[in-house]
Structure formats: C-alpha cells, structure tokens
Amino acid sequence: MIDPRALAFRAAPGRMRPRLMVAADPARPRAAPAGTEAVVVGGGIAGVSAAVVLAERGVAVTVLEAAPTLGGRLGAWPHTLPDGTEQVLEHGFHAFFRHYYTWRAILRRAAPALEFLAPVDGYPVISRTWPPEDIAGLPAAPPLNLLALFARSRSLGTADVLRSDQALAAELLGYDRERTTALFDDVPADTFLAGLRMTDRAQAMLFEAFARSFFCNQGGLSAGELIAMFHYYFLGNPEGIGFDAPRTDHLTAIWAPLAAYLDLRGATIRTGTAARAIAPADGHRWRVSTGGADVETRHLVLALDPGALRRLAADSPGLADVAPVLARKAAALTVAPPFAVTRLWYDRDVAPGRAVFSAVSREATLDSVTVYSRLEEPSAAWARHSGGSVVELHSYACGAPDADTATAEMRDELAALWPETRDARVVHLQQRWEATAPAFPPGSAGTRPRVAGEARGIRVAGDFVETPLLTGLMERAAVTGVLAANDVLAEVGAGPEEIRGIPQRGLLAGILRSRQARFPRA
C-alpha cells in the first residue's frame, strides 16, 4: 500500500531526495505460500517487473509474450547487415533517467552495479531556426532549476518571463494531483502552452520538444498530464534531468540477463505466445486462451500495451459480465499516433561535434537524432571497421502514412540540420512504424484501468495505467508491474516490495489560489 504521508511531500530545496512510497512489512512473511502461482500476459517492462518480484517470492510464474523476444517497446532482436555483421536492433532510443528508481532496482537483479549504463552528456534541443539549447546539468531543486535555466538559456530570458502569464506559469511549480487534474485535465496542452504567452522561440525550444516526447501532438495531450510530466522530469526530479543509456544493445544488456534471472527462479517464459482471450474459470480462476495449450490461474497480470489490452478485452465476451468496470475502461483506451524509427548505416561519420542524442524542434516529422556509433559498442565497432556511422531518426507522433514516407521526410529534415548527411551514402537501413504507445488525451483522467480492484484476480500493469504515485514512461511501467505483484502478494499474505519515488507535489502546491476555468474545454 502506498504511504499517504509520502504523497504529501513537496519538491523544495533541502527536500529533494527519493521518498519511500511503499515500505516493506517486517510483520509479514517475505515468501508466498507454497503452491502460489501467477500468469503474466506481456513480457515488456511492466510484465517482467511483476514476474521478477513474484518469482523472487517463490511464486510459480508463467510469462506469455506474443513477440519472439521480451521487451515490448524496449525490445530488441538480432539482425544481420549486408556485410555479414551481426547487430541487434531496437524500437528506438530510450533515456534511462536516474530517478527511475523502480526500473533501476529491477535492472540491478541482472547487473547489481548497473555497469551496462553510461552517462549521456547533454540534452540539446536543435532547430534549423535557432541555436541549440541544452537543458541538462541544471540544479535539481525548484526554484533553483528554473533560475539556472533563465540564467543560461538563450531562448528564455527575463523579458520573456515578465511578458508571460505568470499566474498560469506558476501552475508548473504547483503540481498537485487532485487540483491539477481538476483544473487542467480537459485542457489541450497546446492551449495551455499558448496561454503562457512565451515567445515562439521559448515555446519551440523548451516546451514543444518536451511535450512531443510523450508520443502525442500537443493538441492530443492533456495539459494536466503535461504539467505532471514537467514536474516528474524537471521540477520535482531529485536527480536532475540527466540520463544514462546502455553501452550495448538491450538484448545483451537487459533482456537476456533478466530472462536468465527468471529461469533460475523457476519462472516459465513462453515467447511467441499471444493471449487471445480470457474467461472466468472454476474456483475464482481465469483461463487464458493462446490458440494452443490454455493456461489457468488464480492470479492474472495483464501487462499489455493499451491497444493489445483493448483487443483482448473485446475478444473476451464474458469479461463484461464478471468485470464490467475493467471491460469498459479497456474498451475506452486510446493509442497515440504511430511512432517511426529509422536506423541508418552511413558510409561516413557525422560531424565531430554532433551530440550523441539531440531532441529536434519544429520539424514536421523528425523529433530526435541519436548517433548510435557514439553510444553503444556494437555500432561503434561497425563504425571503426567501416569508417561509417550509425544514426537513428525518431518521430514520436508521426503524421506520415507509412515507414518509407517517414524515413524520406526525416532524412530530408536531418540534412537541413546536419548538412554532412545530405551526401552520405546509406549502406543499410532498417525502419519501423507502429502505434503501440498510450495516449493521454484531454479529459481522460480517471478513465484508464487501475492496477487492481476492477476485476477479482486480475491486475493491470503498463505505462498507461492509473496509479496514485506520479511516474512516467518506463518507470510507470515498472512501478505498475511491482504494484501488481504486491497486490498478488497481499492476497496470499506476503509482504510488499519496496517502491521509491520523487517528491509528489510541486514547490507551490497548496499555496496557489484557486482559479477559474480560462480555457475552452476539450
């Protein structure tokens, strides 16, 4: 159970440290009773986090994963280049922020010192219109982080602040879950950003690039969610906005070691096995149909992406009769626009000063660029051998109709930003275009499934799931997975796994006056 006292802490100088949100209970046994079993549907971050905690406690866990490999949107798979080089491909660059306390705790099961992670220097936002803006290396505590940003930013100066709507801007410092949701959930993020009255440059370089990193266009993102994520990643982040990335591919660094860890603890992992339907079975159990051998369980964890959960619920006709709330919420889930990822193997290097990772502002398709040959060793080895480079282009909320079009548009936009790529020959490319990320549209708070309590014996985990604990992206997936495992453990009488989080409220939470609605509702 989440400690309600931990939810009350505000982000402020001298108070910026991880908070214990769920404490271990020494009065309860750590191990689950003999014979306890569970089925986890989905082998991404959420599902594997749940499986790790349950398997450690002696639960007989079966993980069903539709893809050939674990990982979900962090998944990775082998690929052979035309020259015979073996590489591992992924769904796109992911930043491992240092306040991902739960996800990092899961990763430490396989690598206790997290030795596969290395710091990524800088967090530049680039544009063809304005000079780069680096938002890394700021102090952790508000308002010091904002003051440092004002002092060094070329996009946001004192004059910008004075002409802005300061009362509205104060809401960024005043995140409070209940109040912020009530005031801003049904306001589109682009309306909120326009209401700040910042200059076009400040909007583009500091706010819009941040907003798009959540796989949504600003018009399709709730301003309440934007304010929450601004607090989570920037104003309330005890570790500052810096992040790390794996030195090698995700399969080698993460998924193979975690699969081995689970295997040593008796878990069964069935990849290439999709759950096609679920139905109640005798003895307060659930039957999971896979198209092959069905499995039954008393404890079912659904750790799917939102579209897959919606389809599973729709294909399970009996679910609405026994779990109407879960069935209704699953049916209402929305998926973000497609994201596109293109990895390019060039015949030459990019300019020496190019950052490993760059966010991109104000391009129609391109949202970020990652120089993989300066990030991970397999790509670096290929570059050393060939004299080339490996560059990944990412569109978070892609308007292009297909992967080929997205790749062409992103390459044209990159050439305008990095002219040396215009004449570089592409030795090989791989591209993906898929819609599996969650959407957080205006007015959607309270409509998404919760971890537990909406269907007996079923827990839901994923980066779209409602929790009282503020998290984001990979950490939200890991936290909901551990909360799902904790709910299973509570039912069988075992103690919970600890969970740590950031200060949950903003510096000005509880101080800001109530305000009248100022925006047209979505």
# chains A, B, ... in the order shown; residues from 1 in each chain; ligands from 1
$ residues_around --residues "A:Thr480" --least-positions-apart "2" --cutoff "10 Å" --atoms "only C-alpha atoms" --output "ChimeraX atom specification"
/A:45-47,49-50,102,303,450-452,459-467,469,471,475-478,482-486
$ residues_around --residues "A:Arg513" --least-positions-apart "3" --cutoff "12 Å" --atoms "only C-alpha atoms" --output "VMD selection string"
chain A and resid 167 to 168 170 to 171 174 179 183 508 to 510 516
$ residues_around --residues "A:Phe184" --least-positions-apart "6" --cutoff "8 Å" --atoms "only C-alpha atoms" --output "list in words"
Ser222, Ala223 and Gly224 of chain A
$ write_last_selection --atoms "N, CA and C atoms" --output "short mmCIF file (atom, residue, chain, number, x, y, z; two decimals), in the first residue's frame"
data_model
loop_
_atom_site.label_atom_id
_atom_site.label_comp_id
_atom_site.auth_asym_id
_atom_site.auth_seq_id
_atom_site.Cartn_x
_atom_site.Cartn_y
_atom_site.Cartn_z
N SER A 222 -3.32 15.95 -22.75
CA SER A 222 -3.93 16.71 -21.67
C SER A 222 -2.91 17.65 -21.04
N ALA A 223 -3.31 18.90 -20.79
CA ALA A 223 -2.42 19.83 -20.10
C ALA A 223 -2.14 19.34 -18.68
N GLY A 224 -3.09 18.65 -18.06
CA GLY A 224 -2.83 18.09 -16.74
C GLY A 224 -1.69 17.09 -16.78
#
$ residues_around --residues "stretch 7-21 of chain A" --least-positions-apart "3" --cutoff "6 Å" --atoms "only C-alpha atoms" --output "PyMOL selection string"
chain A and resi 2-4+141-142+236+238+499-507
$ atom_distance --atom1 "atom CA of A:Leu429" --atom2 "atom CA of A:Asp402"
15.2 Å
$ atom_distance --atom1 "atom CA of A:Tyr372" --atom2 "atom CA of A:Ala437"
22.8 Å
$ select_by_dssp --residues "stretch 286-375 of chain A" --states "strand (DSSP E or B)" --output "MDAnalysis selection string"
chainID A and resid 286:289 295:297 300:302 335 339:346 357:360 368:371
$ residues_around --residues "A:Arg109" --least-positions-apart "5" --cutoff "9 Å" --atoms "only C-alpha atoms" --output "list in words"
Val52, Arg104, Pro257, Leu258 and Tyr261 of chain A
$ write_last_selection --atoms "N, CA and C atoms" --output "PDB file, in the first residue's frame"
ATOM      1  N   VAL A  52       9.527 -10.715 -11.986  1.00  0.00           N
ATOM      2  CA  VAL A  52      10.739 -10.770 -11.160  1.00  0.00           C
ATOM      3  C   VAL A  52      10.377 -10.774  -9.678  1.00  0.00           C
ATOM      4  N   ARG A 104      15.277   0.779 -12.225  1.00  0.00           N
ATOM      5  CA  ARG A 104      16.683   0.512 -11.949  1.00  0.00           C
ATOM      6  C   ARG A 104      16.843  -0.590 -10.899  1.00  0.00           C
ATOM      7  N   PRO A 257      19.825 -11.205 -19.681  1.00  0.00           N
ATOM      8  CA  PRO A 257      20.107 -11.406 -18.258  1.00  0.00           C
ATOM      9  C   PRO A 257      18.850 -11.543 -17.391  1.00  0.00           C
ATOM     10  N   LEU A 258      17.816 -10.756 -17.670  1.00  0.00           N
ATOM     11  CA  LEU A 258      16.594 -10.876 -16.864  1.00  0.00           C
ATOM     12  C   LEU A 258      15.887 -12.197 -17.137  1.00  0.00           C
ATOM     13  N   TYR A 261      17.699 -14.676 -15.131  1.00  0.00           N
ATOM     14  CA  TYR A 261      17.366 -14.473 -13.717  1.00  0.00           C
ATOM     15  C   TYR A 261      16.035 -15.134 -13.373  1.00  0.00           C
TER      16      TYR A 261
END
$ closest_residue --among "A:Pro112, A:His385, A:Leu172, A:Gly71" --to "A:Thr271" --atoms "only C-alpha atoms"
A:Gly71
$ closest_residue --among "A:Arg374, A:Arg98, A:Arg201, A:Arg448" --to "A:Leu309" --atoms "only C-alpha atoms"
A:Arg448
$ closest_atom_pairs --of "stretch 353-390 of chain A" --to "stretch 403-411 of chain A" --cutoff "12 Å" --atoms "only C-alpha atoms" --output "Markdown table"
| residue | atom | partner | partner_atom | distance |
| --- | --- | --- | --- | --- |
| A:Val360 | CA | A:Met410 | CA | 10.8 |
| A:Glu363 | CA | A:Met410 | CA | 8.6 |
| A:Ala364 | CA | A:Glu409 | CA | 8.2 |
| A:Thr365 | CA | A:Met410 | CA | 5.9 |
| A:Leu366 | CA | A:Met410 | CA | 5.0 |
| A:Asp367 | CA | A:Met410 | CA | 8.7 |
| A:Ser368 | CA | A:Met410 | CA | 9.6 |
| A:Val369 | CA | A:Met410 | CA | 9.6 |
$ write_last_selection --atoms "C-alpha atoms" --output "PDB file, in the first residue's frame"
ATOM      1  CA  VAL A 360      14.627  18.273 -32.564  1.00  0.00           C
ATOM      2  CA  GLU A 363      10.355  19.794 -37.917  1.00  0.00           C
ATOM      3  CA  ALA A 364       7.261  18.196 -39.384  1.00  0.00           C
ATOM      4  CA  THR A 365       8.403  14.603 -38.794  1.00  0.00           C
ATOM      5  CA  LEU A 366      11.814  14.356 -37.117  1.00  0.00           C
ATOM      6  CA  ASP A 367      11.765  14.577 -33.300  1.00  0.00           C
ATOM      7  CA  SER A 368      15.149  13.219 -32.246  1.00  0.00           C
ATOM      8  CA  VAL A 369      18.505  12.020 -33.591  1.00  0.00           C
TER       9      VAL A 369
END
$ closest_residue --among "A:Ala136, A:Leu326, A:Ile511, A:Leu156" --to "A:Tyr175" --atoms "only C-alpha atoms"
A:Ile511
$ residues_around --residues "A:Ala211" --least-positions-apart "3" --cutoff "10 Å" --atoms "only C-alpha atoms" --output "PyMOL selection string"
chain A and resi 189-190+193+206-208+214-218+221+223+225-227+229-230
$ write_last_selection --atoms "N, CA, C and O atoms" --output "short mmCIF file (atom, residue, chain, number, x, y, z; two decimals), in the first residue's frame"
data_model
loop_
_atom_site.label_atom_id
_atom_site.label_comp_id
_atom_site.auth_asym_id
_atom_site.auth_seq_id
_atom_site.Cartn_x
_atom_site.Cartn_y
_atom_site.Cartn_z
N ALA A 189 -2.92 20.46 -24.26
CA ALA A 189 -1.61 21.01 -23.90
C ALA A 189 -1.24 22.20 -24.77
O ALA A 189 -0.61 23.15 -24.30
N ASP A 190 -1.61 22.19 -26.06
CA ASP A 190 -1.24 23.32 -26.90
C ASP A 190 -1.97 24.60 -26.47
O ASP A 190 -1.41 25.70 -26.56
N LEU A 193 -0.03 25.82 -23.40
CA LEU A 193 1.25 26.41 -23.78
C LEU A 193 1.06 27.78 -24.43
O LEU A 193 1.82 28.71 -24.16
N LEU A 206 11.91 24.94 -25.64
CA LEU A 206 11.86 24.45 -24.26
C LEU A 206 10.61 23.66 -23.93
O LEU A 206 10.64 22.82 -23.03
N PHE A 207 9.50 23.91 -24.61
CA PHE A 207 8.26 23.27 -24.21
C PHE A 207 7.74 22.26 -25.24
O PHE A 207 7.34 21.16 -24.88
N GLU A 208 7.75 22.64 -26.52
CA GLU A 208 7.14 21.76 -27.51
C GLU A 208 7.94 20.48 -27.69
O GLU A 208 7.37 19.39 -27.80
N PHE A 214 6.31 12.55 -25.35
CA PHE A 214 5.33 11.62 -24.77
C PHE A 214 4.43 11.03 -25.85
O PHE A 214 3.31 10.60 -25.57
N PHE A 215 4.92 11.01 -27.10
CA PHE A 215 4.30 10.32 -28.22
C PHE A 215 2.95 10.92 -28.61
O PHE A 215 2.11 10.23 -29.19
N CYS A 216 2.74 12.18 -28.29
CA CYS A 216 1.48 12.83 -28.64
C CYS A 216 1.76 14.21 -29.21
O CYS A 216 2.71 14.88 -28.80
N ASN A 217 0.93 14.64 -30.14
CA ASN A 217 0.92 16.03 -30.52
C ASN A 217 0.29 16.83 -29.38
O ASN A 217 -0.56 16.33 -28.64
N GLN A 218 0.69 18.10 -29.25
CA GLN A 218 0.22 18.88 -28.11
C GLN A 218 -1.30 18.98 -28.05
O GLN A 218 -1.87 19.01 -26.97
N LEU A 221 -2.77 15.94 -26.20
CA LEU A 221 -2.23 15.64 -24.87
C LEU A 221 -2.91 16.53 -23.85
O LEU A 221 -3.07 17.74 -24.05
N ALA A 223 -3.31 18.90 -20.79
CA ALA A 223 -2.42 19.83 -20.10
C ALA A 223 -2.14 19.34 -18.68
O ALA A 223 -1.05 19.59 -18.15
N GLU A 225 -1.65 16.24 -17.82
CA GLU A 225 -0.57 15.27 -17.97
C GLU A 225 0.74 15.99 -18.27
O GLU A 225 1.80 15.61 -17.77
N LEU A 226 0.72 17.05 -19.09
CA LEU A 226 1.92 17.81 -19.39
C LEU A 226 2.50 18.42 -18.12
O LEU A 226 3.71 18.34 -17.87
N ILE A 227 1.67 19.03 -17.28
CA ILE A 227 2.14 19.63 -16.03
C ILE A 227 2.71 18.55 -15.12
O ILE A 227 3.76 18.74 -14.48
N MET A 229 4.08 15.69 -16.01
CA MET A 229 5.36 15.22 -16.52
C MET A 229 6.45 16.29 -16.39
O MET A 229 7.62 15.96 -16.19
N PHE A 230 6.08 17.56 -16.50
CA PHE A 230 7.06 18.63 -16.28
C PHE A 230 7.56 18.58 -14.84
O PHE A 230 8.75 18.76 -14.58
#
$ select_by_dssp --residues "stretch 107-185 of chain A" --states "alpha helix (DSSP H)" --output "number ranges by chain"
A: 107, 144-152, 158-163, 166-173, 177-184
$ closest_residue --among "A:His250, A:Arg343, A:Arg456, A:His231" --to "A:Ala140" --atoms "only C-alpha atoms"
A:His231
$ residues_around --residues "A:Ala95" --least-positions-apart "4" --cutoff "10 Å" --atoms "only C-alpha atoms" --output "list in words"
Pro119, Val120, Gly242, Phe243, Asp244, Ala245, Pro246, Phe357, Leu473 and Met474 of chain A
$ closest_residue --among "A:Pro143, A:Pro78, A:Pro419, A:Gly42" --to "A:Leu251" --atoms "only C-alpha atoms"
A:Pro78
$ closest_residue --among "A:Ala256, A:Ala351, A:Val53, A:Ala490" --to "A:Met1" --atoms "only C-alpha atoms"
A:Ala490
